[in-house]
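Engineer: Here it is: the structure, laid out below.
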Amino acid sequence: MDKRNSIITKMLCGGISGIGATSILHPIDTIKVNVQTSRNPNPFFHINSIYSTSGIPGFYKGITAAWSRQVIYTSFRLGVFSYLYEKNKNDFSFKKKIITGAFTGFVGSFLSTPADLILVRQQADKTLSKKEQRNYKGSLDAVKQIYNTNGIRGLWKGSTPIIVRATVLNSAMLTTNYQTKEYLEHNNYGLFYKETLPYIFGGLASSFSSLPFDHIKTNYQRETNKQITKHYVPYVIYFIKNNGFFSLYKSLPIYTVRIMPHSMISMYILTKLNTYFK
């Protein structure tokens with residue numbers, strides 16, 4: 001078997017692309033989480049608040065958890081998808097792209113839930129009251145505290161909203177990206193269009209389709225009242241009832257600034273790495 005096109009190589013390329021994009025955009029993700037978990041939707045307020053209390057390092061809160069998540073989540077969702085796509089390129093219909101994107105997003109997000117939970121809690125800790133703040137010293141300390149308090153299952157708190165959000169995002173992003181590429185190649189569009197439009201459309205699709213689920217996910221993971229978060233669907237109803245449906249879109253500008261470039265950068269790096277290994 002050609003190791004250059006093996007599933008391990010594809011997953012390695014996927015992980016590298018995710019880590020690269022996350023390293024660049026993590027400060028925006030921190031601001032996005034603070035906007036979603038606060039009643040103040042102004043991102044500039046949170047930029048000033050983070051900087052005044054923690055300085056530049058405050059924008060990189062949870063970066064190790066973010067890297068850990070990419071090693072697991074993006075390695076699987078991008079790596080496995082691109083491997084299956086290359087193996088079945090001539091028979092990979094629009095429907096198969098949707099299903100495969102949803103499946104890889106589902107599995108990857110389930111495996112990476114502990115890292116995602118720690119990441120959100122670290123980023124949103126300052127939006128809680130002094131009494132509710134967890135004050136994790138780092139990712140390992142977070143794992144220890146969560147395990148000591150809630151056991152191994154505690155590390156998968158909020159797995160349902162994470163999986164729902166990732167399934168939608170990944171399916172929309174990869175289906176749109178690869179479908180656009182195929183259309184441009186089939187109609188003999190120039191290199192400029194093939195090097196830009198798939199990433200732009202994929203980024204837009206992932207942003208608009210996944211924002212409501214991401215907003216619910218962030219607040220669900222941040223919530224300290226165990227009774228409220230006992231079941232996912234009742235929590236969604238509770239949240240919308242108390243905050244309004246359109247509150248799900250209050251972080252649209254910062255979310256788009258966060259997700260769209262991340263999608264574009266990660267997919268661009270993945271494409272270049274896959275081309276290199278071919």
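Each chain in the structure tokens gets a letter, A, B, ..., in the order shown, and its residues are numbered from 1; ligands are numbered from 1 in order too.
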Given only C-alpha atoms, how would the per-residue table for stretch 170-242 of chain A near stretch 62-85 of chain A read, listing every residue at most 12 Å away with its closest atom pair and distance in Å to one decimal, sorted by chain and number, as a tab-separated table?
Structural biologist:
residue	atom	partner	partner_atom	distance
A:Asn170	CA	A:Arg77	CA	7.3
A:Ser171	CA	A:Arg77	CA	9.5
A:Met173	CA	A:Leu78	CA	10.3
A:Leu174	CA	A:Leu78	CA	8.2
A:Thr175	CA	A:Phe81	CA	10.2
A:Asn177	CA	A:Ser82	CA	11.6
A:Tyr178	CA	A:Tyr85	CA	9.2
A:Gln179	CA	A:Tyr85	CA	11.4
A:Glu182	CA	A:Tyr85	CA	11.9
Engineer: Export, as a PDB file, in the first residue's frame, the selected residues with C-alpha atoms.
Structural biologist:
ATOM      1  CA  ASN A 170     -18.407  19.367   8.919  1.00  0.00           C
ATOM      2  CA  SER A 171     -21.014  18.110   6.484  1.00  0.00           C
ATOM      3  CA  MET A 173     -18.139  22.641   4.932  1.00  0.00           C
ATOM      4  CA  LEU A 174     -16.767  19.551   3.179  1.00  0.00           C
ATOM      5  CA  THR A 175     -19.758  18.963   0.922  1.00  0.00           C
ATOM      6  CA  ASN A 177     -15.978  22.690  -0.685  1.00  0.00           C
ATOM      7  CA  TYR A 178     -15.599  19.469  -2.665  1.00  0.00           C
ATOM      8  CA  GLN A 179     -18.785  19.992  -4.679  1.00  0.00           C
ATOM      9  CA  GLU A 182     -15.775  19.453  -8.887  1.00  0.00           C
TER      10      GLU A 182
END
Engineer: Applying 8 Å and only C-alpha atoms, which residues near A:Phe213 remain after dropping the ones on its own chain fewer than 6 positions away? List them as a VMD selection string.
Structural biologist: chain A and resid 161 164 to 165
Engineer: For the residues selected in the previous step, produce a file with N, CA and C atoms as a PDB file, in the first residue's frame.
Structural biologist:
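Below you can see out-v1.pdb, which holds the result:
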ATOM      1  N   PRO A 161     -24.647  18.468  22.296  1.00  0.00           N
ATOM      2  CA  PRO A 161     -24.554  19.691  21.480  1.00  0.00           C
ATOM      3  C   PRO A 161     -23.271  19.790  20.676  1.00  0.00           C
ATOM      4  N   VAL A 164     -23.834  17.439  17.630  1.00  0.00           N
ATOM      5  CA  VAL A 164     -24.807  18.031  16.699  1.00  0.00           C
ATOM      6  C   VAL A 164     -24.152  19.153  15.906  1.00  0.00           C
ATOM      7  N   ARG A 165     -23.459  20.040  16.613  1.00  0.00           N
ATOM      8  CA  ARG A 165     -22.810  21.187  15.962  1.00  0.00           C
ATOM      9  C   ARG A 165     -21.748  20.726  14.961  1.00  0.00           C
TER      10      ARG A 165
END
Engineer: Quick one: residues within 10 Å of stretch 198-205 of chain A, only C-alpha atoms counted, chain neighbours fewer than 2 positions away excluded, as JSON, numbers by chain?
Structural biologist: {"A": [168, 169, 170, 171, 172, 173, 174, 175, 176, 177, 178, 179, 180, 181, 182, 183, 184, 193, 194, 195, 196, 207, 208, 209, 210, 256, 257, 258, 259, 260, 261, 262, 263, 264, 265, 266, 267, 268]}
Engineer: Next, dump the selected residues to file, keeping only C-alpha atoms, as an mmCIF file, in the first residue's frame.
Structural biologist:
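The new file part.cif reads:
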data_model
loop_
_atom_site.group_PDB
_atom_site.id
_atom_site.type_symbol
_atom_site.label_atom_id
_atom_site.label_comp_id
_atom_site.auth_asym_id
_atom_site.auth_seq_id
_atom_site.Cartn_x
_atom_site.Cartn_y
_atom_site.Cartn_z
ATOM 1 C CA VAL A 168 -23.741 19.991 10.767
ATOM 2 C CA LEU A 169 -20.587 22.098 10.375
ATOM 3 C CA ASN A 170 -18.407 19.367 8.919
ATOM 4 C CA SER A 171 -21.014 18.110 6.484
ATOM 5 C CA ALA A 172 -21.799 21.619 5.221
ATOM 6 C CA MET A 173 -18.139 22.641 4.932
ATOM 7 C CA LEU A 174 -16.767 19.551 3.179
ATOM 8 C CA THR A 175 -19.758 18.963 0.922
ATOM 9 C CA THR A 176 -19.758 22.576 -0.268
ATOM 10 C CA ASN A 177 -15.978 22.690 -0.685
ATOM 11 C CA TYR A 178 -15.599 19.469 -2.665
ATOM 12 C CA GLN A 179 -18.785 19.992 -4.679
ATOM 13 C CA THR A 180 -17.619 23.462 -5.704
ATOM 14 C CA LYS A 181 -14.197 22.104 -6.696
ATOM 15 C CA GLU A 182 -15.775 19.453 -8.887
ATOM 16 C CA TYR A 183 -18.058 21.985 -10.554
ATOM 17 C CA LEU A 184 -15.171 24.366 -11.312
ATOM 18 C CA TYR A 193 -11.331 30.413 -9.055
ATOM 19 C CA LYS A 194 -10.358 26.869 -8.075
ATOM 20 C CA GLU A 195 -7.925 28.237 -5.459
ATOM 21 C CA THR A 196 -10.443 30.601 -3.851
ATOM 22 C CA SER A 207 -20.616 29.379 9.457
ATOM 23 C CA PHE A 208 -24.290 29.958 8.702
ATOM 24 C CA SER A 209 -25.387 26.347 9.171
ATOM 25 C CA SER A 210 -23.645 25.688 12.481
ATOM 26 C CA THR A 256 -18.150 34.169 10.840
ATOM 27 C CA VAL A 257 -14.787 35.892 11.357
ATOM 28 C CA ARG A 258 -13.743 32.863 13.434
ATOM 29 C CA ILE A 259 -15.221 29.919 11.502
ATOM 30 C CA MET A 260 -14.941 31.053 7.894
ATOM 31 C CA PRO A 261 -11.164 31.743 7.964
ATOM 32 C CA HIS A 262 -10.589 28.570 9.992
ATOM 33 C CA SER A 263 -12.451 26.540 7.395
ATOM 34 C CA MET A 264 -10.631 28.258 4.540
ATOM 35 C CA ILE A 265 -7.152 27.973 6.077
ATOM 36 C CA SER A 266 -7.527 24.368 7.241
ATOM 37 C CA MET A 267 -8.928 23.227 3.886
ATOM 38 C CA TYR A 268 -6.247 25.127 1.967
#
Engineer: How many Å separate atom CA of A:Ile163 from atom CA of A:Ser112?
Structural biologist: 9.7 Å
Engineer: Name the residues in contact with A:Trp156 at a cut-off of 12 Å, using only C-alpha atoms, excluding same-chain residues fewer than 6 positions from it; report them as a ChimeraX atom specification.
Structural biologist: /A:109-118,143,146-147,150,162-163,221
Engineer: So that I can check the surroundings of A:Lys226, please list as a list of chain:residue names every protein, DNA and RNA residue that reaches within 12 Å of it, counting only C-alpha atoms and ignoring chain neighbours fewer than 5 positions away.
Structural biologist: A:Asn150, A:Gly154, A:Lys157, A:Gly158, A:Tyr220, A:Gln221, A:His231, A:Tyr232, A:Tyr235
Engineer: Can you check which residues of stretch 22-264 of chain A DSSP gives as helix (DSSP H, G or I) on the backbone and send them as a count of residues only?
Structural biologist: 198
